[in-house]
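Enquirer: Next comes start11.json, JSON, C-alpha atoms:
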[["chain", "number", "residue", "atom", "x", "y", "z"],
["Q", 240, "MET", "CA", 0.00, 0.00, 0.00],
["Q", 241, "VAL", "CA", 1.30, 3.47, -0.90],
["Q", 242, "TYR", "CA", 1.30, 6.17, 1.77],
["Q", 243, "LYS", "CA", -1.22, 8.31, -0.14],
["Q", 244, "GLN", "CA", -3.81, 5.53, 0.06],
["Q", 245, "TRP", "CA", -3.11, 4.80, 3.72],
["Q", 246, "CYS", "CA", -3.18, 8.48, 4.72],
["Q", 247, "SER", "CA", -6.65, 8.90, 3.22],
["Q", 248, "GLU", "CA", -7.91, 5.79, 4.99],
["Q", 249, "TRP", "CA", -6.34, 6.85, 8.30],
["Q", 250, "LEU", "CA", -7.81, 10.36, 8.15],
["Q", 251, "ASN", "CA", -11.32, 9.17, 7.38],
["Q", 252, "CYS", "CA", -11.50, 6.08, 9.59],
["Q", 253, "TYR", "CA", -9.35, 6.96, 12.59],
["Q", 254, "VAL", "CA", -9.03, 10.76, 12.76],
["Q", 255, "LYS", "CA", -12.35, 12.20, 11.60],
["Q", 256, "PRO", "CA", -14.51, 10.40, 14.22],
["Q", 257, "GLN", "CA", -12.19, 11.43, 17.08],
["Q", 258, "VAL", "CA", -11.33, 15.10, 16.57],
["Q", 259, "LYS", "CA", -13.03, 18.42, 15.94],
["Q", 260, "GLU", "CA", -14.06, 19.30, 12.42],
["Q", 261, "ARG", "CA", -11.45, 22.07, 12.26],
["Q", 262, "THR", "CA", -8.66, 19.72, 13.38],
["Q", 263, "TYR", "CA", -9.65, 17.16, 10.77],
["Q", 264, "ALA", "CA", -9.71, 19.84, 8.07],
["Q", 265, "LYS", "CA", -6.28, 21.08, 9.20],
["Q", 266, "TYR", "CA", -4.80, 17.58, 9.02],
["Q", 267, "CYS", "CA", -6.25, 17.07, 5.53],
["Q", 268, "GLN", "CA", -4.83, 20.41, 4.38],
["Q", 269, "LEU", "CA", -1.35, 19.64, 5.74],
["Q", 270, "ALA", "CA", -1.37, 16.24, 4.05],
["Q", 271, "GLU", "CA", -2.64, 17.52, 0.69],
["Q", 272, "ASP", "CA", -0.44, 20.62, 0.55],
["Q", 273, "HIS", "CA", 2.86, 19.27, 1.86],
["Q", 274, "ILE", "CA", 3.13, 15.57, 2.59],
["Q", 275, "LEU", "CA", 1.37, 13.73, -0.24],
["Q", 276, "PRO", "CA", 2.99, 15.68, -3.12],
["Q", 277, "GLU", "CA", 6.42, 14.72, -1.73],
["Q", 278, "ILE", "CA", 6.09, 11.17, -0.39],
["Q", 279, "GLY", "CA", 2.53, 10.12, -1.24],
["Q", 280, "GLU", "CA", 3.63, 7.57, -3.87],
["Q", 281, "TYR", "CA", 6.09, 5.78, -1.57],
["Q", 282, "ARG", "CA", 5.03, 2.40, -0.27],
["Q", 283, "LEU", "CA", 4.70, 2.31, 3.50],
["Q", 284, "ASN", "CA", 7.68, -0.01, 3.94],
["Q", 285, "GLU", "CA", 9.80, 2.41, 1.86],
["Q", 286, "LEU", "CA", 9.36, 5.29, 4.31],
["Q", 287, "SER", "CA", 12.75, 4.90, 5.94],
["Q", 288, "THR", "CA", 14.46, 7.43, 8.20],
["Q", 289, "ASN", "CA", 16.42, 8.69, 5.21],
["Q", 290, "VAL", "CA", 13.33, 9.27, 3.07],
["Q", 291, "LEU", "CA", 11.48, 11.04, 5.86],
["Q", 292, "GLN", "CA", 14.52, 13.13, 6.81],
["Q", 293, "GLN", "CA", 14.97, 14.27, 3.21],
["Q", 294, "PHE", "CA", 11.33, 15.35, 3.18],
["Q", 295, "ILE", "CA", 11.80, 17.35, 6.40],
["Q", 296, "ASN", "CA", 15.01, 18.91, 5.10],
["Q", 297, "ASN", "CA", 13.22, 19.98, 1.90],
["Q", 298, "MET", "CA", 10.54, 21.69, 3.98],
["Q", 299, "GLN", "CA", 13.24, 23.55, 5.92],
["Q", 300, "ASN", "CA", 15.01, 24.58, 2.72],
["Q", 301, "LYS", "CA", 11.73, 25.99, 1.41],
["Q", 302, "GLY", "CA", 11.61, 28.26, 4.44],
["Q", 303, "TYR", "CA", 8.69, 26.76, 6.35],
["Q", 304, "ALA", "CA", 8.49, 27.68, 10.03],
["Q", 305, "SER", "CA", 9.59, 25.16, 12.64],
["Q", 306, "THR", "CA", 6.02, 24.99, 14.00],
["Q", 307, "THR", "CA", 4.74, 23.91, 10.57],
["Q", 308, "ILE", "CA", 7.46, 21.27, 10.25],
["Q", 309, "HIS", "CA", 6.78, 19.94, 13.75],
["Q", 310, "GLY", "CA", 3.13, 19.69, 12.75],
["Q", 311, "LEU", "CA", 4.03, 17.67, 9.65],
["Q", 312, "ILE", "CA", 6.21, 15.32, 11.70],
["Q", 313, "SER", "CA", 3.42, 14.82, 14.23],
["Q", 314, "LEU", "CA", 0.93, 13.98, 11.49],
["Q", 315, "LEU", "CA", 3.35, 11.55, 9.88],
["Q", 316, "LYS", "CA", 4.09, 9.89, 13.20],
["Q", 317, "LEU", "CA", 0.42, 9.47, 14.14],
["Q", 318, "SER", "CA", -0.44, 7.91, 10.81],
["Q", 319, "LEU", "CA", 2.56, 5.57, 10.74],
["Q", 320, "VAL", "CA", 2.16, 4.47, 14.38],
["Q", 321, "LYS", "CA", -1.43, 3.48, 13.58],
["Q", 322, "ALA", "CA", -0.20, 1.52, 10.55],
["Q", 323, "VAL", "CA", 2.18, -0.41, 12.83],
["Q", 324, "GLU", "CA", -0.60, -1.05, 15.36],
["Q", 325, "LEU", "CA", -2.75, -2.55, 12.61],
["Q", 326, "ASP", "CA", 0.14, -4.70, 11.29],
["Q", 327, "ILE", "CA", 0.04, -2.93, 7.93],
["Q", 328, "VAL", "CA", 3.77, -2.27, 8.24],
["Q", 329, "ASP", "CA", 6.39, -3.70, 10.61],
["Q", 330, "LYS", "CA", 8.07, -0.52, 11.79],
["Q", 331, "GLU", "CA", 7.95, 3.26, 11.51],
["Q", 332, "TYR", "CA", 10.96, 5.57, 11.67],
["Q", 333, "SER", "CA", 9.65, 8.99, 12.71],
["Q", 334, "ASN", "CA", 11.34, 8.76, 16.13],
["Q", 335, "TYR", "CA", 14.76, 8.98, 14.50],
["Q", 336, "LEU", "CA", 14.19, 12.26, 12.66],
["Q", 337, "SER", "CA", 16.26, 15.37, 13.36],
["Q", 338, "ARG", "CA", 13.77, 18.10, 14.08],
["Q", 339, "PRO", "CA", 14.34, 21.84, 13.67],
["Q", 340, "LYS", "CA", 14.66, 23.76, 16.91],
["Q", 341, "ALA", "CA", 11.37, 25.25, 18.02],
["Q", 342, "GLN", "CA", 11.31, 29.00, 17.56],
["Q", 343, "THR", "CA", 10.03, 30.90, 20.58],
["Q", 344, "LYS", "CA", 7.35, 33.23, 19.28],
["Q", 345, "ARG", "CA", 7.63, 36.70, 20.77],
["Q", 346, "VAL", "CA", 4.61, 37.57, 22.86],
["Q", 347, "GLU", "CA", 3.19, 40.92, 21.79],
["Q", 348, "CYS", "CA", 1.11, 42.98, 24.17],
["Q", 349, "PHE", "CA", -0.14, 46.53, 24.28],
["Q", 350, "SER", "CA", 1.64, 49.12, 26.39],
["Q", 351, "ILE", "CA", -0.19, 50.61, 29.36],
["Q", 352, "TYR", "CA", -0.55, 53.85, 27.39],
["Q", 353, "GLU", "CA", -2.12, 52.00, 24.43],
["Q", 354, "GLN", "CA", -4.37, 50.04, 26.77],
["Q", 355, "ARG", "CA", -5.61, 53.21, 28.46],
["Q", 356, "LYS", "CA", -6.24, 54.79, 25.06],
["Q", 357, "MET", "CA", -8.41, 51.84, 24.01],
["Q", 358, "GLU", "CA", -10.29, 51.77, 27.31],
["Q", 359, "ASN", "CA", -11.07, 55.51, 27.25],
["Q", 360, "PHE", "CA", -12.33, 55.26, 23.68],
["Q", 361, "ILE", "CA", -14.53, 52.23, 24.40],
["Q", 362, "VAL", "CA", -16.13, 53.81, 27.49],
["Q", 363, "PHE", "CA", -16.63, 57.12, 25.66],
["Q", 364, "ILE", "CA", -18.21, 55.64, 22.53],
["Q", 365, "ASP", "CA", -20.40, 53.34, 24.66],
["Q", 366, "LYS", "CA", -21.43, 50.84, 21.96],
["Q", 367, "PRO", "CA", -22.03, 47.16, 22.87],
["Q", 368, "ARG", "CA", -19.69, 45.61, 20.28],
["Q", 369, "TYR", "CA", -16.68, 47.49, 21.66],
["Q", 370, "PHE", "CA", -17.09, 46.05, 25.15],
["Q", 371, "GLY", "CA", -15.93, 42.63, 23.91],
["Q", 372, "ILE", "CA", -12.49, 44.21, 23.56],
["Q", 373, "LEU", "CA", -12.66, 45.45, 27.15],
["Q", 374, "LEU", "CA", -13.76, 42.01, 28.35],
["Q", 375, "SER", "CA", -10.78, 40.40, 26.60],
["Q", 376, "LEU", "CA", -8.40, 42.93, 28.13],
["Q", 377, "TYR", "CA", -9.60, 42.07, 31.63],
["Q", 378, "THR", "CA", -10.25, 38.32, 31.46],
["Q", 379, "GLY", "CA", -7.84, 37.03, 28.80],
["Q", 380, "ILE", "CA", -10.71, 35.27, 27.03],
["Q", 381, "ARG", "CA", -9.95, 34.02, 23.50],
["Q", 382, "LEU", "CA", -11.76, 35.53, 20.52],
["Q", 383, "GLY", "CA", -13.71, 32.36, 19.67],
["Q", 384, "GLU", "CA", -14.75, 32.01, 23.31],
["Q", 385, "LEU", "CA", -15.79, 35.66, 23.50],
["Q", 386, "LEU", "CA", -18.03, 35.50, 20.44],
["Q", 387, "ALA", "CA", -19.65, 32.26, 21.64],
["Q", 388, "LEU", "CA", -20.62, 33.81, 25.01],
["Q", 389, "GLU", "CA", -24.34, 33.94, 25.66],
["Q", 390, "TRP", "CA", -25.97, 36.04, 28.35],
["Q", 391, "SER", "CA", -26.75, 32.86, 30.26],
["Q", 392, "ASP", "CA", -22.96, 32.37, 30.63],
["Q", 393, "LEU", "CA", -22.60, 35.60, 32.65],
["Q", 394, "ASP", "CA", -23.61, 35.59, 36.29],
["Q", 395, "MET", "CA", -23.70, 39.28, 37.20],
["Q", 396, "ARG", "CA", -24.52, 38.59, 40.84],
["Q", 397, "LYS", "CA", -21.55, 36.28, 41.42],
["Q", 398, "CYS", "CA", -19.33, 38.19, 38.95],
["Q", 399, "VAL", "CA", -18.29, 35.07, 37.01],
["Q", 400, "ILE", "CA", -18.17, 34.01, 33.37],
["Q", 401, "LYS", "CA", -18.67, 30.40, 32.33],
["Q", 402, "VAL", "CA", -16.52, 29.48, 29.32],
["Q", 403, "SER", "CA", -17.93, 26.28, 27.84],
["Q", 404, "LYS", "CA", -18.07, 27.07, 24.11],
["Q", 405, "SER", "CA", -15.99, 28.49, 21.30],
["Q", 406, "CYS", "CA", -16.83, 29.36, 17.73],
["Q", 407, "HIS", "CA", -15.32, 29.74, 14.28],
["Q", 408, "ASP", "CA", -16.42, 30.95, 10.88],
["Q", 409, "SER", "CA", -17.56, 28.45, 8.27],
["Q", 410, "TRP", "CA", -19.54, 28.34, 5.06],
["Q", 411, "ASP", "CA", -21.98, 25.90, 3.50],
["Q", 412, "GLU", "CA", -24.08, 25.90, 0.33],
["Q", 413, "ASN", "CA", -26.31, 28.60, 1.85],
["Q", 414, "GLY", "CA", -23.45, 30.92, 2.79],
["Q", 415, "TYR", "CA", -21.90, 31.93, 6.11],
["Q", 416, "ILE", "CA", -22.54, 29.99, 9.29],
["Q", 417, "LYS", "CA", -21.11, 30.49, 12.77],
["Q", 418, "VAL", "CA", -20.03, 27.10, 14.11],
["Q", 419, "ILE", "CA", -20.31, 26.69, 17.89],
["Q", 420, "ASP", "CA", -17.98, 24.04, 19.28],
["Q", 421, "THR", "CA", -16.28, 23.04, 22.51],
["Q", 422, "PRO", "CA", -13.29, 25.20, 23.56],
["Q", 423, "LYS", "CA", -9.72, 24.63, 22.41],
["Q", 424, "THR", "CA", -8.87, 22.04, 25.08],
["Q", 425, "HIS", "CA", -10.46, 20.39, 28.11],
["Q", 426, "ASN", "CA", -8.72, 22.93, 30.37],
["Q", 427, "SER", "CA", -10.26, 25.73, 28.32],
["Q", 428, "GLN", "CA", -13.64, 24.94, 29.86],
["Q", 429, "ARG", "CA", -13.46, 27.09, 32.95],
["Q", 430, "ILE", "CA", -15.08, 29.63, 35.23],
["Q", 431, "ILE", "CA", -13.50, 33.09, 35.05],
["Q", 432, "PRO", "CA", -13.99, 35.66, 37.83],
["Q", 433, "MET", "CA", -15.22, 38.88, 36.25],
["Q", 434, "PRO", "CA", -13.69, 42.12, 37.61],
["Q", 435, "LYS", "CA", -16.52, 43.87, 39.43],
["Q", 436, "GLN", "CA", -15.65, 47.13, 37.68],
["Q", 437, "LEU", "CA", -16.92, 45.62, 34.39],
["Q", 438, "VAL", "CA", -20.28, 44.47, 35.77],
["Q", 439, "PRO", "CA", -22.15, 47.83, 35.49],
["Q", 440, "TYR", "CA", -21.35, 48.07, 31.77],
["Q", 441, "PHE", "CA", -22.61, 44.58, 31.05],
["Q", 442, "LYS", "CA", -25.74, 45.04, 33.15],
["Q", 443, "VAL", "CA", -26.70, 47.95, 30.91],
["Q", 444, "MET", "CA", -25.87, 45.89, 27.81],
["Q", 445, "ARG", "CA", -28.01, 43.04, 29.10],
["Q", 446, "ARG", "CA", -31.05, 45.28, 29.60],
["Q", 447, "ASN", "CA", -30.81, 46.54, 26.01],
["Q", 448, "ALA", "CA", -29.75, 43.25, 24.39],
["Q", 449, "SER", "CA", -31.68, 41.96, 21.38],
["Q", 450, "SER", "CA", -29.54, 38.84, 20.89],
["Q", 451, "LYS", "CA", -28.71, 35.86, 23.06],
["Q", 452, "TYR", "CA", -25.04, 36.54, 22.33],
["Q", 453, "VAL", "CA", -23.17, 38.97, 24.56],
["Q", 454, "ILE", "CA", -21.35, 40.49, 21.56],
["Q", 455, "PRO", "CA", -24.01, 41.38, 18.98],
["Q", 456, "GLY", "CA", -23.68, 41.16, 15.23],
["Q", 457, "ARG", "CA", -25.76, 42.00, 12.21],
["Q", 458, "THR", "CA", -27.45, 38.58, 12.24],
["Q", 459, "ALA", "CA", -28.93, 36.22, 14.81],
["Q", 460, "TYR", "CA", -25.55, 34.42, 14.84],
["Q", 461, "GLY", "CA", -23.94, 37.34, 16.64],
["Q", 462, "ALA", "CA", -20.56, 38.69, 15.51],
["Q", 463, "GLY", "CA", -18.40, 36.51, 13.25],
["Q", 464, "VAL", "CA", -14.75, 35.88, 14.02],
["Q", 465, "ARG", "CA", -13.20, 37.50, 10.95],
["Q", 466, "THR", "CA", -15.70, 40.37, 11.05],
["Q", 467, "TYR", "CA", -14.78, 41.13, 14.67],
["Q", 468, "GLN", "CA", -11.06, 40.92, 13.89],
["Q", 469, "ARG", "CA", -11.52, 43.54, 11.16],
["Q", 470, "PHE", "CA", -13.62, 45.62, 13.55],
["Q", 471, "PHE", "CA", -10.76, 45.54, 16.08],
["Q", 472, "GLU", "CA", -8.15, 46.36, 13.43],
["Q", 473, "LYS", "CA", -10.16, 49.41, 12.32],
["Q", 474, "MET", "CA", -10.38, 50.65, 15.92],
["Q", 475, "LEU", "CA", -6.58, 50.47, 16.25],
["Q", 476, "ILE", "CA", -6.18, 52.45, 13.02],
["Q", 477, "ASP", "CA", -8.66, 55.08, 14.21],
["Q", 478, "LEU", "CA", -6.76, 55.41, 17.50],
["Q", 479, "GLY", "CA", -3.33, 55.50, 15.85],
["Q", 480, "ILE", "CA", -2.19, 52.38, 17.68],
["Q", 481, "PRO", "CA", 0.29, 50.11, 15.82],
["Q", 482, "HIS", "CA", -1.30, 46.92, 14.52],
["Q", 483, "LYS", "CA", -1.40, 43.85, 16.74],
["Q", 484, "GLY", "CA", -3.66, 40.84, 16.43],
["Q", 485, "PHE", "CA", -6.74, 40.40, 18.62],
["Q", 486, "HIS", "CA", -4.90, 37.66, 20.54],
["Q", 487, "SER", "CA", -2.55, 40.37, 21.85],
["Q", 488, "LEU", "CA", -5.39, 41.41, 24.17],
["Q", 489, "ARG", "CA", -5.04, 38.03, 25.88],
["Q", 490, "HIS", "CA", -1.27, 38.50, 26.11],
["Q", 491, "THR", "CA", -1.84, 42.00, 27.52],
["Q", 492, "PHE", "CA", -4.15, 40.66, 30.22],
["Q", 493, "ALA", "CA", -1.62, 37.99, 31.23],
["Q", 494, "THR", "CA", 1.25, 40.47, 31.36],
["Q", 495, "ARG", "CA", -0.73, 43.02, 33.41],
["Q", 496, "ALA", "CA", -1.90, 40.26, 35.77],
["Q", 497, "LEU", "CA", 1.69, 39.19, 36.47],
["Q", 498, "GLU", "CA", 2.76, 42.81, 36.90],
["Q", 499, "CYS", "CA", -0.03, 43.23, 39.48],
["Q", 500, "GLY", "CA", 1.34, 40.26, 41.41],
["Q", 501, "MET", "CA", -1.10, 37.53, 40.39],
["Q", 502, "ASP", "CA", 0.46, 34.11, 41.05],
["Q", 503, "VAL", "CA", 1.16, 31.93, 38.02],
["Q", 504, "LYS", "CA", -1.10, 29.07, 39.16],
["Q", 505, "THR", "CA", -4.14, 31.36, 39.35],
["Q", 506, "LEU", "CA", -3.32, 33.00, 36.03],
["Q", 507, "SER", "CA", -2.85, 29.60, 34.39],
["Q", 508, "GLU", "CA", -6.34, 28.51, 35.46],
["Q", 509, "ILE", "CA", -7.93, 31.77, 34.30],
["Q", 510, "LEU", "CA", -6.26, 31.47, 30.89],
["Q", 511, "GLY", "CA", -7.22, 27.80, 30.58],
["Q", 512, "HIS", "CA", -3.66, 26.50, 30.24],
["Q", 513, "ALA", "CA", -2.95, 22.84, 30.95],
["Q", 514, "ASN", "CA", -0.38, 23.72, 33.62],
["Q", 515, "PRO", "CA", 1.44, 26.75, 35.10],
["Q", 516, "THR", "CA", 4.67, 25.90, 33.27],
["Q", 517, "ILE", "CA", 3.05, 26.84, 29.96],
["Q", 518, "THR", "CA", 2.01, 30.19, 31.42],
["Q", 519, "LEU", "CA", 5.42, 30.88, 32.94],
["Q", 520, "ASN", "CA", 7.35, 29.96, 29.79],
["Q", 521, "ARG", "CA", 5.09, 32.10, 27.62],
["Q", 522, "TYR", "CA", 4.90, 35.26, 29.70],
["Q", 523, "ALA", "CA", 7.88, 35.47, 32.07],
["Q", 524, "HIS", "CA", 10.02, 37.14, 29.40],
["Q", 525, "SER", "CA", 7.30, 39.63, 28.35],
["Q", 526, "MET", "CA", 7.60, 41.76, 31.51],
["Q", 527, "PHE", "CA", 10.81, 43.64, 30.84],
["Q", 528, "ASP", "CA", 9.49, 46.99, 32.10],
["Q", 529, "HIS", "CA", 8.31, 45.32, 35.29],
["Q", 530, "LYS", "CA", 11.68, 43.59, 35.72],
["Q", 531, "THR", "CA", 13.44, 46.92, 35.27],
["Q", 532, "SER", "CA", 11.22, 48.51, 37.92],
["Q", 533, "MET", "CA", 11.90, 45.68, 40.36],
["Q", 534, "MET", "CA", 15.66, 45.89, 39.77],
["Q", 535, "ASN", "CA", 15.60, 49.64, 40.37],
["Q", 536, "ARG", "CA", 13.79, 49.04, 43.66],
["Q", 537, "VAL", "CA", 16.60, 46.70, 44.65],
["Q", 538, "GLY", "CA", 19.12, 49.30, 43.51],
["Q", 539, "LYS", "CA", 17.68, 51.86, 45.93],
["Q", 540, "LEU", "CA", 19.33, 49.87, 48.73],
["Q", 541, "LEU", "CA", 22.66, 51.16, 47.46],
["Q", 542, "ARG", "CA", 21.75, 54.80, 48.24],
["Q", 543, "ARG", "CA", 20.59, 53.77, 51.71]]
How would this structure read if it were set down as structure tokens?

Expert:
Amino acid sequence: MVYKQWCSEWLNCYVKPQVKERTYAKYCQLAEDHILPEIGEYRLNELSTNVLQQFINNMQNKGYASTTIHGLISLLKLSLVKAVELDIVDKEYSNYLSRPKAQTKRVECFSIYEQRKMENFIVFIDKPRYFGILLSLYTGIRLGELLALEWSDLDMRKCVIKVSKSCHDSWDENGYIKVIDTPKTHNSQRIIPMPKQLVPYFKVMRRNASSKYVIPGRTAYGAGVRTYQRFFEKMLIDLGIPHKGFHSLRHTFATRALECGMDVKTLSEILGHANPTITLNRYAHSMFDHKTSMMNRVGKLLRR
């Protein structure tokens, strides 16, 4: 059996029933765009370490990011391990591959000045759609989670938000649909304390709401992901703030929380990370201004 045939069978029989629709689509795209054109015609027992390593090296030479290459290796490994389990082939060789070093992606967050500028504008303009940005700044909620929030997920009395859903854009034969799904991971299902300072704004929004979704849109689906991203980008342009993605609001929340002295375990649970190590590795280096301030406080001992 050639790998192209096995990959199709593996994706449809063993992957599709077990993963989210978006994950399945991503696997199919990776296979069709990168793996199958290069090694799809090899027989399974021909996929030696040398063949697989040459494929990985070619991807590196083409300039693909290390995260993309690690994703390709993971897909290859999963498919070949399953082939071994089913006795379709005797052995797989993905464990012996030399992988590119993972590149640490720089965490981008807004400065305190930029954050204040956004907050003042949102409170001044007082329009419901803008308050999703404020909620992200003060809870670290992901964009898909934010746009899936229904009013029933907000408990104003207890000041908590229940995150149990996420969403993404999709299209069918009738046009756009907003797909509601479970959050990114099991740990992403969580209860987030809501800063009490936000509650008055959302109480007013709730009284005037015409949609079940907290962040309204032009249709009953509420705001779409790409539409809200463009909405956010336009706000930054209007305010003269350099472009950063919507996810930078989450990074900003995490950085401010650490600067305020929040412990990493608490922050990890609020963000929905699997463990505090992920949080620490991602954000410890993004607090340079705070580190400088702390070092200067230590330095004051010298004058004393």

Enquirer: Counting only C-alpha atoms, which of Q:His309, Q:Lys330, Q:Lys321, Q:His529 gets nearest to Arg495 of chain Q?

Expert: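 Between Q:His309, Q:Lys330, Q:Lys321, Q:His529, the residue approaching Arg495 of chain Q most closely is Q:His529.
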
Enquirer: Using all atoms listed in the file for the distances, tell me which of Q:Thr424, Q:Leu540, Q:Glu498, Q:Arg381 is nearest to Gly484 of chain Q.

Expert: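 Smallest separation from Gly484 of chain Q among the options: Q:Arg381.
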
Enquirer: Which is closest to Leu275 of chain Q among Q:Arg465, Q:Lys243, Q:Arg261, Q:Lys423, if we use all atoms listed in the file?

Expert: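 Result for the nearest residue to Leu275 of chain Q: Q:Lys243.
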
Enquirer: Could you jot down the atom CA of Val346 of chain Q to atom CA of Ile509 of chain Q separation for me, Å, one decimal place?

Expert: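 Calculated distance between atom CA of Val346 of chain Q and atom CA of Ile509 of chain Q is 17.9 Å.
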
Enquirer: When you look at Leu314 of chain Q with a cut-off of 9 Å (counting all atoms listed in the file), what residues show up, excluding the ones that are within fewer than 5 positions of it in the same chain? I need them as a list of chain:residue names.

Expert: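 In the requested form, the answer reads Q:Tyr266, Q:Leu269, Q:Ala270, Q:His309, Q:Leu319.
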